[in-house]
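Okay, start.cif now, which holds mmCIF, C-alpha atoms (C1' of nucleotides):
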```cif
data_query
loop_
_atom_site.label_atom_id
_atom_site.label_comp_id
_atom_site.auth_asym_id
_atom_site.auth_seq_id
_atom_site.Cartn_x
_atom_site.Cartn_y
_atom_site.Cartn_z
CA MET A 1 94.39 107.07 90.90
CA LYS A 2 93.02 103.64 91.09
CA SER A 3 91.87 102.25 94.36
CA SER A 4 89.53 99.43 94.98
CA GLU A 5 89.63 97.98 98.42
CA ILE A 6 90.38 101.00 100.54
CA ASP A 7 86.79 102.10 101.03
CA SER A 8 85.75 99.06 102.96
CA LYS A 9 84.25 99.62 106.33
CA PRO A 10 86.51 99.97 109.30
CA PHE A 11 83.70 101.86 111.02
CA GLY A 12 80.35 102.74 109.59
CA PRO A 13 78.89 101.76 106.26
CA PRO A 14 80.82 102.23 103.04
CA MET A 15 80.27 105.62 101.54
CA ILE A 16 77.97 105.94 98.59
CA GLY A 17 80.78 107.35 96.46
CA ALA A 18 82.78 104.16 96.73
CA LEU A 19 79.74 102.04 95.98
CA LEU A 20 79.27 103.92 92.75
CA ARG A 21 82.91 104.05 91.81
CA VAL A 22 83.85 100.38 92.08
CA PRO A 23 81.29 99.06 89.60
CA TRP A 24 81.96 101.97 87.30
CA GLU A 25 85.63 101.06 87.25
CA ALA A 26 84.65 97.47 86.55
CA VAL A 27 82.75 98.64 83.48
CA GLN A 28 85.73 100.62 82.26
CA ALA A 29 88.13 97.79 82.89
CA HIS A 30 85.95 95.39 80.93
CA MET A 31 85.66 97.80 77.99
CA LEU A 32 89.42 98.16 77.83
CA LYS A 33 89.97 94.43 78.18
CA ARG A 34 87.67 93.70 75.25
CA LEU A 35 89.22 96.44 73.15
CA HIS A 36 92.70 95.11 73.75
CA GLU A 37 91.57 91.59 72.97
CA ARG A 38 89.89 92.59 69.72
CA GLY A 39 92.83 94.29 68.04
CA PHE A 40 92.55 97.75 69.56
CA ASP A 41 95.47 97.31 71.89
CA ASP A 42 96.65 100.84 71.13
CA PHE A 43 93.52 102.21 72.76
CA ASP A 44 94.53 104.13 75.87
CA PRO A 45 92.18 104.60 78.85
CA ALA A 46 92.50 108.34 78.31
CA TYR A 47 90.62 108.01 75.03
CA LEU A 48 87.50 106.58 76.64
CA PRO A 49 85.97 109.92 77.59
CA VAL A 50 86.28 111.08 73.99
CA VAL A 51 84.43 108.07 72.65
CA ARG A 52 81.89 107.70 75.41
CA TYR A 53 78.20 108.32 75.16
CA PRO A 54 76.91 109.83 72.98
CA GLY A 55 80.10 109.72 70.98
CA PRO A 56 81.99 112.45 69.15
CA GLN A 57 80.47 111.84 65.72
CA GLY A 58 79.79 115.09 63.91
CA LEU A 59 80.79 117.31 66.81
CA ARG A 60 83.15 120.22 66.61
CA PRO A 61 86.25 119.92 68.76
CA SER A 62 85.22 122.92 70.87
CA GLU A 63 81.81 121.45 71.57
CA LEU A 64 83.35 118.20 72.66
CA ALA A 65 85.95 119.96 74.79
CA THR A 66 83.17 121.84 76.56
CA ARG A 67 81.20 118.68 77.12
CA LEU A 68 84.21 116.87 78.53
CA ARG A 69 85.18 119.88 80.64
CA ILE A 70 88.72 119.95 79.32
CA SER A 71 90.54 122.66 77.43
CA LYS A 72 90.32 122.58 73.69
CA GLN A 73 94.07 122.16 73.54
CA ALA A 74 93.91 119.08 75.71
CA LEU A 75 91.16 117.65 73.57
CA ASN A 76 93.07 118.54 70.44
CA TYR A 77 95.98 116.52 71.73
CA LEU A 78 93.72 113.52 72.27
CA LEU A 79 92.14 113.98 68.85
CA GLY A 80 95.60 114.07 67.33
CA GLU A 81 96.40 110.73 68.94
CA LEU A 82 93.10 109.20 67.88
CA GLU A 83 93.58 110.50 64.35
CA ARG A 84 97.12 109.14 64.23
CA LEU A 85 95.80 105.74 65.32
CA ASP A 86 93.06 105.89 62.68
CA TYR A 87 90.08 106.03 65.01
CA LEU A 88 88.73 109.31 63.68
CA GLU A 89 89.34 112.26 61.36
CA ARG A 90 88.95 115.98 61.69
CA ARG A 91 87.20 117.21 58.57
CA PRO A 92 86.63 120.82 57.60
CA ASP A 93 83.08 121.99 58.25
CA PRO A 94 81.58 123.18 54.94
CA ASP A 95 79.18 125.48 56.80
CA ASP A 96 81.81 127.28 58.83
CA LEU A 97 85.31 127.55 57.49
CA ARG A 98 86.70 128.11 60.96
CA SER A 99 85.35 124.82 62.20
CA LYS A 100 86.06 121.16 61.87
CA ARG A 101 83.86 118.17 62.40
CA ILE A 102 84.87 114.92 64.02
CA ALA A 103 84.15 111.83 61.93
CA LEU A 104 84.76 108.28 63.10
CA THR A 105 86.75 106.11 60.74
CA PRO A 106 85.67 102.51 60.11
CA ARG A 107 88.19 101.50 62.74
CA GLY A 108 86.72 103.97 65.22
CA THR A 109 83.22 102.72 64.50
CA ALA A 110 84.38 99.16 65.02
CA ALA A 111 85.95 100.10 68.35
CA GLY A 112 82.68 101.75 69.36
CA LYS A 113 80.87 98.52 68.62
CA VAL A 114 83.29 96.58 70.80
CA ILE A 115 82.73 99.04 73.62
CA ARG A 116 78.95 98.82 73.41
CA LYS A 117 79.13 95.06 73.26
CA ALA A 118 81.36 94.99 76.34
CA VAL A 119 78.86 97.12 78.23
CA ALA A 120 76.04 94.85 77.13
CA GLU A 121 78.00 91.88 78.45
CA ILE A 122 78.49 93.53 81.80
CA GLU A 123 74.84 94.44 82.03
CA ALA A 124 73.81 90.91 81.14
CA ASP A 125 76.11 89.54 83.80
CA TRP A 126 74.77 91.88 86.43
CA ALA A 127 71.19 91.20 85.41
CA ARG A 128 71.88 87.49 85.75
CA GLN A 129 73.42 87.83 89.19
CA LEU A 130 70.97 90.34 90.61
CA GLY A 131 67.97 88.98 88.83
CA PRO A 132 66.34 90.84 85.95
CA GLU A 133 63.82 92.76 87.99
CA ARG A 134 66.33 93.93 90.59
CA PHE A 135 68.63 95.01 87.79
CA ALA A 136 65.78 96.94 86.24
CA ASP A 137 65.19 98.59 89.61
CA LEU A 138 68.84 99.50 89.77
CA ARG A 139 68.73 101.13 86.37
CA THR A 140 65.63 103.09 87.27
CA LEU A 141 67.16 104.27 90.51
CA LEU A 142 70.37 105.29 88.80
CA ASP A 143 68.37 107.08 86.14
CA ASP A 144 66.59 109.09 88.80
CA LEU A 145 69.88 109.77 90.53
CA ASN A 146 71.24 111.15 87.29
CA GLN A 147 68.30 113.52 87.03
CA ILE A 148 68.91 114.65 90.60
CA SER A 149 72.64 115.13 90.39
CA ARG A 150 72.72 116.66 86.93
CA PRO A 151 75.65 119.09 86.67
CA MET B 152 73.33 121.60 55.65
CA LYS B 153 73.89 118.02 54.56
CA SER B 154 74.12 116.78 58.10
CA SER B 155 71.81 113.82 57.88
CA GLU B 156 74.57 111.42 58.84
CA ILE B 157 75.65 113.66 61.68
CA ASP B 158 72.31 113.27 63.37
CA SER B 159 72.48 109.51 63.24
CA LYS B 160 73.21 108.12 66.65
CA PRO B 161 76.00 105.60 66.82
CA PHE B 162 75.20 105.04 70.46
CA GLY B 163 72.00 103.88 72.02
CA PRO B 164 70.50 105.02 75.31
CA PRO B 165 72.78 105.94 78.21
CA MET B 166 74.89 103.03 79.24
CA ILE B 167 75.16 101.75 82.78
CA GLY B 168 78.68 103.12 83.05
CA ALA B 169 77.50 106.67 82.53
CA LEU B 170 74.69 106.19 85.01
CA LEU B 171 77.23 105.20 87.65
CA ARG B 172 79.77 107.83 86.75
CA VAL B 173 77.64 110.95 86.87
CA PRO B 174 76.46 110.58 90.49
CA TRP B 175 79.92 109.50 91.54
CA GLU B 176 81.35 112.68 90.08
CA ALA B 177 78.65 114.62 91.88
CA VAL B 178 79.85 113.17 95.18
CA GLN B 179 83.43 114.12 94.47
CA ALA B 180 82.48 117.60 93.34
CA HIS B 181 80.50 118.16 96.52
CA MET B 182 83.37 116.99 98.72
CA LEU B 183 85.74 119.40 97.01
CA LYS B 184 83.25 122.23 97.14
CA ARG B 185 82.80 121.85 100.88
CA LEU B 186 86.55 121.54 101.45
CA HIS B 187 87.20 124.72 99.51
CA GLU B 188 84.44 126.54 101.35
CA ARG B 189 85.69 125.49 104.76
CA GLY B 190 89.23 126.79 104.45
CA PHE B 191 90.87 123.88 102.68
CA ASP B 192 91.08 125.63 99.34
CA ASP B 193 94.57 124.26 98.79
CA PHE B 194 93.13 120.76 98.70
CA ASP B 195 93.64 119.33 95.23
CA PRO B 196 91.36 116.63 93.76
CA ALA B 197 94.44 114.43 93.42
CA TYR B 198 94.67 114.21 97.22
CA LEU B 199 91.22 112.66 97.64
CA PRO B 200 92.29 109.05 97.17
CA VAL B 201 94.95 109.47 99.83
CA VAL B 202 92.53 110.76 102.43
CA ARG B 203 89.67 108.45 101.49
CA TYR B 204 88.10 105.96 103.89
CA PRO B 205 89.54 104.75 106.14
CA GLY B 206 92.22 107.35 105.79
CA PRO B 207 95.97 106.94 105.82
CA GLN B 208 96.35 107.21 109.60
CA GLY B 209 99.12 104.97 110.87
CA LEU B 210 99.87 103.38 107.53
CA ARG B 211 103.29 103.03 106.00
CA PRO B 212 103.73 104.78 102.66
CA SER B 213 104.33 101.48 100.88
CA GLU B 214 101.14 99.96 102.25
CA LEU B 215 99.13 102.93 101.12
CA ALA B 216 100.77 102.94 97.71
CA THR B 217 99.84 99.29 97.27
CA ARG B 218 96.26 99.95 98.28
CA LEU B 219 95.95 102.89 95.92
CA ARG B 220 97.58 100.92 93.10
CA ILE B 221 100.14 103.62 92.45
CA SER B 222 103.92 103.50 92.70
CA LYS B 223 105.42 104.39 96.02
CA GLN B 224 107.26 107.26 94.35
CA ALA B 225 104.00 108.71 93.08
CA LEU B 226 102.49 108.37 96.54
CA ASN B 227 105.56 109.86 98.12
CA TYR B 228 105.13 112.89 95.89
CA LEU B 229 101.54 113.28 97.07
CA LEU B 230 102.59 112.78 100.69
CA GLY B 231 105.18 115.49 100.24
CA GLU B 232 102.51 117.90 99.04
CA LEU B 233 100.14 116.95 101.85
CA GLU B 234 102.90 117.32 104.40
CA ARG B 235 103.89 120.71 103.00
CA LEU B 236 100.26 121.83 103.30
CA ASP B 237 100.08 120.56 106.89
CA TYR B 238 97.55 117.79 106.33
CA LEU B 239 99.81 115.01 107.58
CA GLU B 240 103.28 114.04 108.75
CA ARG B 241 105.62 111.17 108.05
CA ARG B 242 107.02 109.98 111.34
CA PRO B 243 109.70 107.39 111.86
CA ASP B 244 108.39 103.98 112.84
CA PRO B 245 109.97 102.97 116.19
CA ASP B 246 109.53 99.28 115.36
CA ASP B 247 111.30 99.40 112.02
CA LEU B 248 113.97 101.98 111.47
CA ARG B 249 113.56 101.80 107.70
CA SER B 250 109.89 102.66 107.89
CA LYS B 251 107.72 105.68 108.43
CA ARG B 252 104.17 106.01 109.55
CA ILE B 253 101.64 108.48 108.25
CA ALA B 254 100.00 110.63 110.90
CA LEU B 255 97.22 113.13 110.21
CA THR B 256 97.73 116.58 111.61
CA PRO B 257 94.82 118.39 113.28
CA ARG B 258 94.27 120.12 109.95
CA GLY B 259 94.14 116.80 108.14
CA THR B 260 91.71 115.38 110.66
CA ALA B 261 89.50 118.43 110.25
CA ALA B 262 89.54 118.02 106.47
CA GLY B 263 88.52 114.39 106.86
CA LYS B 264 85.56 115.47 108.95
CA VAL B 265 84.48 117.93 106.28
CA ILE B 266 84.67 115.20 103.67
CA ARG B 267 82.58 112.75 105.71
CA LYS B 268 80.05 115.47 106.42
CA ALA B 269 79.82 116.32 102.73
CA VAL B 270 79.08 112.70 101.85
CA ALA B 271 76.43 112.55 104.55
CA GLU B 272 74.84 115.66 103.06
CA ILE B 273 74.72 114.14 99.61
CA GLU B 274 73.23 110.94 100.94
CA ALA B 275 70.61 112.85 102.88
CA ASP B 276 69.73 114.84 99.80
CA TRP B 277 69.37 111.73 97.67
CA ALA B 278 67.38 109.96 100.35
CA ARG B 279 65.04 112.95 100.49
CA GLN B 280 64.54 113.07 96.73
CA LEU B 281 64.25 109.35 96.12
CA GLY B 282 62.44 108.60 99.31
CA PRO B 283 64.14 106.80 102.19
CA GLU B 284 63.10 103.29 101.21
CA ARG B 285 64.13 103.66 97.56
CA PHE B 286 67.46 105.09 98.68
CA ALA B 287 67.89 102.09 100.95
CA ASP B 288 67.12 99.85 97.99
CA LEU B 289 69.71 101.67 95.96
CA ARG B 290 72.34 101.16 98.60
CA THR B 291 71.55 97.49 98.88
CA LEU B 292 71.71 97.02 95.13
CA LEU B 293 75.00 98.88 94.90
CA ASP B 294 76.34 96.82 97.76
CA ASP B 295 75.51 93.63 95.90
CA LEU B 296 76.99 95.07 92.74
CA ASN B 297 80.21 95.71 94.62
CA GLN B 298 80.33 92.10 95.71
CA ILE B 299 79.78 90.99 92.11
CA SER B 300 82.29 93.26 90.45
CA ARG B 301 85.02 92.84 93.01
CA PRO B 302 88.40 92.64 91.24
"C1'" DC C 303 128.67 87.11 107.88
"C1'" DT C 304 127.14 87.67 103.81
"C1'" DA C 305 123.50 87.88 100.61
"C1'" DA C 306 119.12 88.87 99.44
"C1'" DC C 307 115.32 91.57 100.38
"C1'" DT C 308 112.45 95.64 101.88
"C1'" DG C 309 111.19 100.63 102.83
"C1'" DG C 310 112.06 105.07 101.51
"C1'" DT C 311 114.16 108.71 98.75
"C1'" DA C 312 116.53 111.42 95.18
"C1'" DA C 313 117.48 112.49 90.32
"C1'" DA C 314 116.38 112.51 85.60
"C1'" DG C 315 113.25 111.84 82.01
"C1'" DT C 316 108.47 111.44 80.12
"C1'" DC C 317 103.82 112.48 79.15
"C1'" DG C 318 99.68 114.91 79.11
"C1'" DC C 319 97.99 118.94 80.04
"C1'" DT C 320 97.75 124.33 80.81
"C1'" DT C 321 98.71 129.00 79.61
"C1'" DG C 322 99.33 132.30 76.29
"C1'" DA C 323 99.87 133.99 71.92
"C1'" DC C 324 98.70 133.67 67.39
"C1'" DT C 325 95.88 132.94 62.68
"C1'" DC C 326 91.88 132.59 60.28
"C1'" DT C 327 86.99 133.21 59.78
"C1'" DA C 328 82.50 135.01 60.99
"C1'" DA C 329 79.45 138.27 62.72
"C1'" DC C 330 78.25 142.45 64.40
"C1'" DT C 331 78.89 147.57 64.36
"C1'" DC C 332 79.08 152.20 62.16
"C1'" DG D 333 81.83 148.80 52.63
"C1'" DA D 334 85.77 149.32 56.87
"C1'" DG D 335 86.66 148.32 61.67
"C1'" DT D 336 85.86 145.90 65.59
"C1'" DT D 337 84.62 142.04 68.34
"C1'" DA D 338 84.15 137.22 69.01
"C1'" DG D 339 84.85 132.27 68.10
"C1'" DA D 340 87.42 127.99 66.27
"C1'" DG D 341 91.63 125.86 65.97
"C1'" DT D 342 96.66 125.47 66.46
"C1'" DC D 343 101.51 126.17 67.85
"C1'" DA D 344 104.95 126.74 71.44
"C1'" DA D 345 106.67 126.95 76.03
"C1'" DG D 346 106.35 125.27 80.46
"C1'" DC D 347 104.85 122.70 84.32
"C1'" DG D 348 102.95 119.18 87.26
"C1'" DA D 349 102.42 114.53 88.15
"C1'" DC D 350 104.04 111.02 87.39
"C1'" DT D 351 107.74 106.76 85.89
"C1'" DT D 352 112.23 104.85 85.60
"C1'" DT D 353 116.56 104.25 87.41
"C1'" DA D 354 119.58 104.21 90.95
"C1'" DC D 355 120.75 104.24 95.54
"C1'" DC D 356 121.31 103.87 100.76
"C1'" DA D 357 119.78 102.21 105.34
"C1'" DG D 358 117.87 98.63 107.77
"C1'" DT D 359 116.05 93.81 108.12
"C1'" DT D 360 115.75 88.90 107.40
"C1'" DA D 361 117.52 84.27 105.71
"C1'" DG D 362 120.92 80.93 104.91
#
```
Output the structure of this file as structure tokens.
Amino acid sequence: MKSSEIDSKPFGPPMIGALLRVPWEAVQAHMLKRLHERGFDDFDPAYLPVVRYPGPQGLRPSELATRLRISKQALNYLLGELERLDYLERRPDPDDLRSKRIALTPRGTAAGKVIRKAVAEIEADWARQLGPERFADLRTLLDDLNQISRP
Amino acid sequence: MKSSEIDSKPFGPPMIGALLRVPWEAVQAHMLKRLHERGFDDFDPAYLPVVRYPGPQGLRPSELATRLRISKQALNYLLGELERLDYLERRPDPDDLRSKRIALTPRGTAAGKVIRKAVAEIEADWARQLGPERFADLRTLLDDLNQISRP
DNA sequence: CTAACTGGTAAAGTCGCTTGACTCTAACTC
DNA sequence: GAGTTAGAGTCAAGCGACTTTACCAGTTAG
């Protein structure tokens, strides 16, 4: 479901949704590009939500499934893939024998670093092109917007 | 408990990607909510890209598929659903007997209006909560960001 | 005229997810 | 305690949304 150019303005200003989506997709694309360049070429776009802020470290699968708003079976499928590719492990929780805890492997931690670095690169680029103070404004505005539109 | 390493945060403060994504998802959620309230409860999230600005009116399926960056078969599947649900029709193109043209039905046009209204509502709400001039700043900044991160 | 190309579709297979049923464990009753 | 209820995780079947492959009808180029 990727589109990029369709929301231009045939009449009226571009809608706010498109203005948010395009840069967001640019961030994602850059993260994936860097991952693939740095030896994580088996990292599928579908895994990004699992690894995204604040990361799955220490969480139980059910908690993460709830946070991501997907079924626990769907998450379990993704976790199986990520475990198979050595990004993380599911370890038994010593405090609750029903539960497991997600633990990043060294490879998963390394991938996380690449992702954060990629984001930092994007932010630096935007800050350079907008100017540092306008970029700071943008972040503040987006922060407020996140408070407003909290689900 | 022995969860001292669990509490360690592998990720820093929210990254710009998340700040863009959350409000964008809020826009989409509001569009779908309004659609479902207004009698378009058979409207699936997957159809949104097809109907998005400036809409598919008059386009050939291949053109639209190219714009949406999906295969023409995938689009054709979506068009089949949308035609079945009376949102649009595929009419033969008189100028090219191989081709078809997408035409919105009255129901499809009505759904488009609901979507545009929903976006206007969200924008009004954000403008109210941020203040009109800060919202204008936000739009300007996002506009620039879209120029920068154009693929 | 033929050959290459383009637009659209159908058929079959794939993948990621959902639904539903199950097991195991924990916690809450009586 | 025993019995019940609830939660975590997993397996299996199935389905929806694709992709891949193949194809025909119509168009353009040589």
Give as a ChimeraX atom specification the residues that the PyMOL selection byres ((chain B) within 10 of (chain D)) matches when applied to the coordinates above.
/B:197,221-222,224-226,228-229,247-250
Export of prior selection with C-alpha atoms as a PDB file, in the frame of the given file:
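Once written, part.pdb looks like this:
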```pdb
ATOM      1  CA  ALA B 197      94.440 114.430  93.420  1.00  0.00           C
ATOM      2  CA  ILE B 221     100.140 103.620  92.450  1.00  0.00           C
ATOM      3  CA  SER B 222     103.920 103.500  92.700  1.00  0.00           C
ATOM      4  CA  GLN B 224     107.260 107.260  94.350  1.00  0.00           C
ATOM      5  CA  ALA B 225     104.000 108.710  93.080  1.00  0.00           C
ATOM      6  CA  LEU B 226     102.490 108.370  96.540  1.00  0.00           C
ATOM      7  CA  TYR B 228     105.130 112.890  95.890  1.00  0.00           C
ATOM      8  CA  LEU B 229     101.540 113.280  97.070  1.00  0.00           C
ATOM      9  CA  ASP B 247     111.300  99.400 112.020  1.00  0.00           C
ATOM     10  CA  LEU B 248     113.970 101.980 111.470  1.00  0.00           C
ATOM     11  CA  ARG B 249     113.560 101.800 107.700  1.00  0.00           C
ATOM     12  CA  SER B 250     109.890 102.660 107.890  1.00  0.00           C
TER      13      SER B 250
END
```
Mind telling me what the PyMOL selection byres ((chain B) within 8 of (chain A)) catches here, as a PyMOL selection string?
chain B and resi 152+157-158+160-163+165-175+177-179+197+200+203-205+218-221+270+274+277+280-281+285+289-290+292-297+299-302
Report the distance between atom C1' of DC324 of chain C and atom CA of Gly80 of chain A in Å, rounded to one decimal place.
19.8 Å
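Comparing C:DT308, C:DT331, C:DT325, C:DT320 by their smallest distance to chain B, the closest is C:DT308 (using all atoms listed in the file).
With chain A held fixed and chain B fitted to it over all Cα atoms, the RMSD is 5.3 Å.
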Taking the file as shown, find all residues satisfying the PyMOL selection byres ((chain C) within 10 of (chain B)) and write them as a list in words.
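So the PyMOL selection byres ((chain C) within 10 of (chain B)) ends up selecting DT308, DG309, DG310 and DT311 of chain C.
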In Å, with one decimal, what is the gap from atom CA of Tyr47 of chain A to atom CA of Leu230 of chain B?
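We find that atom CA of Tyr47 of chain A and atom CA of Leu230 of chain B lie 28.7 Å from each other.
Atom pair atom CA of Phe191 of chain B / atom CA of Ile266 of chain B has a distance of 10.7 Å (rounded to one decimal).
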How big is the axis-aligned box, and where does its centre sit, when it encloses all atoms of segment 346-360 of chain D listed in the file and has 8 Å added on every side, reported in Å to one decimal as lines of an AutoDock Vina configuration file?
```
center_x = 111.9
center_y = 107.1
center_z = 94.3
size_x = 34.9
size_y = 52.4
size_z = 43.7
```
